[in-house]
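Asker: Contents of input.txt (compact mmCIF, C-alpha atoms):
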```
# COMPACT_ATOMS: atom_id res chain seq x y z
CA MET L 1 -60.74 -33.06 -10.26
CA MET L 2 -59.96 -29.38 -10.14
CA VAL L 3 -56.70 -28.25 -11.76
CA ARG L 4 -55.25 -24.79 -11.36
CA ALA L 5 -52.81 -23.26 -13.80
CA ARG L 6 -50.75 -20.25 -12.88
CA ASP L 7 -51.74 -18.16 -15.95
CA PHE L 8 -55.43 -19.14 -15.87
CA SER L 9 -57.85 -16.92 -13.98
CA VAL L 10 -60.36 -19.77 -13.50
CA PRO L 11 -59.76 -23.43 -12.57
CA MET L 12 -59.84 -26.22 -15.12
CA TRP L 13 -61.65 -29.51 -14.56
CA CYS L 14 -59.85 -32.74 -15.38
CA ASP L 15 -61.98 -35.67 -16.50
CA ASP L 16 -59.21 -37.90 -17.86
CA ILE L 17 -55.68 -38.44 -16.52
CA GLY L 18 -52.94 -40.82 -17.50
CA LEU L 19 -49.26 -41.36 -16.83
CA GLY L 20 -48.25 -38.89 -19.52
CA GLY L 21 -50.84 -36.16 -19.24
CA MET L 22 -54.46 -35.16 -18.75
CA LYS L 23 -57.49 -33.78 -20.54
CA CYS L 24 -59.16 -30.76 -18.95
CA ARG L 25 -62.21 -28.60 -19.61
CA SER L 26 -61.67 -24.85 -19.46
CA THR L 27 -63.27 -21.56 -20.40
CA GLN L 28 -59.89 -20.06 -21.26
CA VAL L 29 -58.04 -20.76 -24.50
CA ARG L 30 -54.33 -21.46 -24.74
CA TRP L 31 -52.72 -22.52 -27.99
CA PRO L 32 -51.05 -25.91 -28.55
CA GLY L 33 -47.40 -25.73 -27.63
CA SER L 34 -48.03 -23.33 -24.73
CA TYR L 35 -46.41 -24.20 -21.42
CA VAL L 36 -48.47 -24.03 -18.20
CA ASP L 37 -47.65 -24.63 -14.54
CA LEU L 38 -50.25 -27.07 -13.14
CA ASN L 39 -51.35 -27.58 -9.53
CA PHE L 40 -53.74 -30.39 -8.58
CA ARG L 41 -54.47 -33.13 -6.06
CA LEU L 42 -55.58 -36.60 -7.03
CA PRO L 43 -58.96 -37.52 -5.51
CA GLY L 44 -58.43 -39.14 -2.12
CA ASN L 45 -54.77 -38.07 -1.97
CA PRO L 46 -53.74 -35.00 0.07
CA LYS L 47 -50.38 -34.70 -1.72
CA PRO L 48 -50.27 -31.65 -4.03
CA PHE L 49 -48.80 -32.03 -7.51
CA HIS L 50 -46.95 -29.03 -8.96
CA ILE L 51 -45.83 -29.89 -12.45
CA GLY L 52 -45.27 -28.29 -15.81
CA GLY L 53 -47.44 -29.16 -18.74
CA GLN L 54 -47.58 -28.44 -22.43
CA ILE L 55 -50.87 -27.99 -24.25
CA THR L 56 -51.04 -30.55 -27.04
CA SER L 57 -54.59 -30.13 -28.35
CA ILE L 58 -57.72 -28.00 -28.27
CA GLN L 59 -61.20 -29.39 -28.99
CA ASN L 60 -64.72 -28.05 -28.83
CA THR L 61 -67.09 -29.50 -26.23
CA ASP L 62 -70.88 -29.80 -26.10
CA ASP L 63 -70.89 -26.73 -23.85
CA ASP L 64 -70.46 -23.57 -25.94
CA GLU L 65 -68.53 -21.84 -23.16
CA GLU L 66 -65.95 -24.58 -22.56
CA ILE L 67 -63.16 -26.14 -24.56
CA SER L 68 -61.20 -29.32 -23.99
CA LEU L 69 -57.42 -29.02 -23.57
CA GLY L 70 -55.03 -31.94 -23.94
CA LEU L 71 -52.01 -31.48 -21.65
CA ARG L 72 -48.73 -33.40 -21.64
CA PHE L 73 -46.75 -33.57 -18.40
CA CYS L 74 -43.20 -32.21 -18.65
CA MET L 75 -40.30 -33.65 -16.62
CA MET L 76 -42.46 -35.47 -14.07
CA PRO L 77 -40.57 -37.04 -11.15
CA SER L 78 -40.79 -40.84 -11.19
CA GLN L 79 -42.40 -40.85 -7.71
CA TRP L 80 -45.29 -38.73 -9.00
CA GLU L 81 -45.70 -41.05 -11.98
CA LEU L 82 -45.91 -43.95 -9.52
CA ASP L 83 -48.53 -42.05 -7.46
CA ILE L 84 -50.65 -41.51 -10.57
CA TYR L 85 -50.25 -45.15 -11.55
CA ARG L 86 -51.41 -46.25 -8.10
CA PHE L 87 -54.41 -43.90 -8.37
CA LEU L 88 -55.34 -45.39 -11.74
CA ASP L 89 -54.83 -48.93 -10.49
CA ALA L 90 -57.13 -48.29 -7.51
CA ARG L 91 -59.82 -47.13 -9.95
CA ARG L 92 -59.35 -50.32 -11.99
CA GLU L 93 -60.15 -52.36 -8.88
CA LEU L 94 -63.44 -50.45 -8.53
CA TRP L 95 -64.43 -51.45 -12.08
CA GLY L 96 -64.22 -55.10 -11.06
CA ALA L 97 -66.03 -54.71 -7.70
CA SER L 98 -68.86 -57.16 -7.02
CA GLN L 99 -72.52 -56.15 -7.00
CA ASP L 100 -72.73 -56.90 -3.24
CA ASP L 101 -70.66 -53.84 -2.35
CA THR L 102 -71.77 -50.83 -0.37
CA PRO L 103 -74.17 -48.34 -2.00
CA GLU L 104 -71.33 -45.85 -2.47
CA LEU L 105 -69.27 -48.34 -4.46
CA LYS L 106 -72.31 -49.34 -6.51
CA GLY L 107 -72.78 -45.70 -7.55
CA ILE L 108 -69.12 -45.36 -8.43
CA LYS L 109 -69.20 -48.62 -10.37
CA ARG L 110 -72.27 -47.53 -12.35
CA TYR L 111 -70.48 -44.32 -13.29
CA LEU L 112 -67.24 -46.06 -14.20
CA ASN L 113 -69.06 -48.72 -16.24
CA ARG L 114 -70.30 -45.92 -18.48
CA LEU L 115 -66.89 -44.33 -18.86
CA LYS L 116 -63.61 -46.24 -18.40
CA PRO L 117 -60.95 -43.76 -19.51
CA PHE L 118 -58.06 -45.50 -17.74
CA GLU L 119 -58.66 -49.18 -18.37
CA GLY L 120 -56.94 -49.37 -21.77
CA LEU L 121 -53.99 -47.34 -20.51
CA LEU L 122 -53.52 -49.59 -17.49
CA LEU L 123 -53.75 -52.80 -19.50
CA GLU L 124 -51.17 -51.47 -21.98
CA ALA L 125 -48.83 -50.36 -19.17
CA GLN L 126 -49.12 -53.71 -17.40
CA ALA L 127 -48.53 -55.64 -20.63
CA ALA L 128 -45.48 -53.49 -21.41
CA MET L 129 -44.04 -54.07 -17.92
CA ARG L 130 -44.60 -57.82 -18.24
CA ALA L 131 -43.04 -57.89 -21.72
CA LYS L 132 -40.02 -55.96 -20.41
CA GLY L 133 -39.66 -58.46 -17.57
CA ILE L 134 -39.92 -61.40 -19.96
CA ARG L 135 -37.25 -59.92 -22.25
CA ARG L 136 -35.00 -59.35 -19.25
CA PHE L 137 -35.07 -63.07 -18.39
CA GLY L 138 -34.49 -64.15 -22.00
CA PHE L 139 -37.84 -65.83 -22.52
CA HIS L 140 -38.10 -67.21 -26.05
CA THR L 141 -40.77 -69.36 -27.68
CA PRO L 142 -39.81 -72.51 -29.59
CA GLN L 143 -39.42 -72.19 -33.36
CA GLY L 144 -42.78 -72.08 -35.14
CA SER L 145 -44.96 -71.62 -32.06
CA GLN L 146 -46.92 -68.44 -31.58
CA VAL L 147 -47.94 -67.02 -28.21
CA SER L 148 -51.29 -65.25 -28.17
CA SER L 149 -51.72 -61.90 -26.44
CA THR L 150 -53.98 -63.60 -23.88
CA GLN L 151 -51.25 -66.09 -23.03
CA MET L 152 -48.70 -63.31 -22.86
CA LEU L 153 -50.81 -61.37 -20.34
CA ARG L 154 -51.03 -64.43 -18.10
CA VAL L 155 -47.22 -64.71 -17.88
```
The structure in this file should be written as structure tokens.

Answerer:
Amino acid sequence: MMVRARDFSVPMWCDDIGLGGMKCRSTQVRWPGSYVDLNFRLPGNPKPFHIGGQITSIQNTDDDEEISLGLRFCMMPSQWELDIYRFLDARRELWGASQDDTPELKGIKRYLNRLKPFEGLLLEAQAAMRAKGIRRFGFHTPQGSQVSSTQMLRV
């Protein structure tokens, strides 16, 4: 998705987004620690996001003209975090779509099967939410018994 930053003369292109930040390609360099004002829309969502970000990393890319910038979101409202989570969760459903889907979904699935940048993040977030819920209800295992991570995810 296209991301605009107030101090950048050209747009950045985001190819990885999570609940805490994003990774963008850009032709302009900003140093780690720099603050930027970001404007973007999630694909399929008309709601604009206007949020501050801090550059956390700079990496070279295969393209000599572009660099990769790691950005951390700063003071994001919880509603926006929920919107991003819902966006990521909708993409997770596409990864598990059956082969009998429409041609458009087959193309998306082929692409996402090659690159699944959000799957690990979503599984970790879901496991953390489940673990928090289990702790809240005082769930304890009997002495000497171990619960595997697979069993924990089913709870």

Asker: Taking into account only C-alpha atoms, which residue in the set L:Leu71, L:Arg30, L:Pro46, L:Gln54 is nearest to Cys14 of chain L?

Answerer: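 So, comparing all the options, the nearest one is L:Leu71.
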
Asker: Which residue out of L:Pro77, L:Pro11, L:Gly21, L:Gly44 has the minimum interatomic distance to Thr56 of chain L when only C-alpha atoms are used?

Answerer: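 Smallest distance to Thr56 of chain L is found for L:Gly21.
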
Asker: Given the choices L:Arg72, L:Ser9, L:Val29, L:Leu88, which gets closest to Gly52 of chain L if the distance is worked out from all atoms listed in the file?

Answerer: L:Arg72

Asker: Box along x, y and z, 8 Å on every side, all listed atoms of segment 69-80 of chain L inside: centre and edge lengths in Å to one decimal, as AutoDock Vina command-line options.

Answerer:
```
--center_x -48.9 --center_y -34.9 --center_z -15.8 --size_x 33.1 --size_y 27.8 --size_z 32.2
```

Asker: Tell me which protein, DNA and RNA residues are within 10 Å of Met2 of chain L, counting only C-alpha atoms, leaving out same-chain ones fewer than 3 positions away, and put them as a PyMOL selection string.

Answerer: chain L and resi 11-15+24-25+39-43

Asker: Go through L:Met1, L:Gly53, L:Gly20, L:Ala90 one by one, measure the shortest atom-to-atom distance of each to Ser78 of chain L using all atoms listed in the file, and give the residue with the smallest value.

Answerer: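 Among the listed residues, L:Gly20 lies closest to Ser78 of chain L.
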
Asker: In terms of the shortest atom-to-atom distance over all atoms listed in the file, which of L:Glu81, L:Glu124, L:Asp16, L:Asp7 is closest to Tyr35 of chain L?

Answerer: L:Asp7

Asker: When distances are computed from only C-alpha atoms, which of L:Thr27, L:Pro32, L:Pro48, L:Asp37 shows the smallest separation from Asp83 of chain L?

Answerer: L:Pro48

Asker: Do you have the atom CA of Arg4 of chain L-atom CA of Leu69 of chain L distance handy?

Answerer: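 For atom CA of Arg4 of chain L relative to atom CA of Leu69 of chain L, the distance reads 13.1 Å.
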
Asker: How many Å separate atom CA of Leu19 of chain L from atom CA of Ser34 of chain L?

Answerer: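 So the two atoms, atom CA of Leu19 of chain L and atom CA of Ser34 of chain L, lie 19.7 Å apart.
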
Asker: Atom CA of Gly33 of chain L to atom CA of Ala5 of chain L: how many Å, to one decimal?

Answerer: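 According to the coordinates, atom CA of Gly33 of chain L and atom CA of Ala5 of chain L are separated by 15.1 Å.
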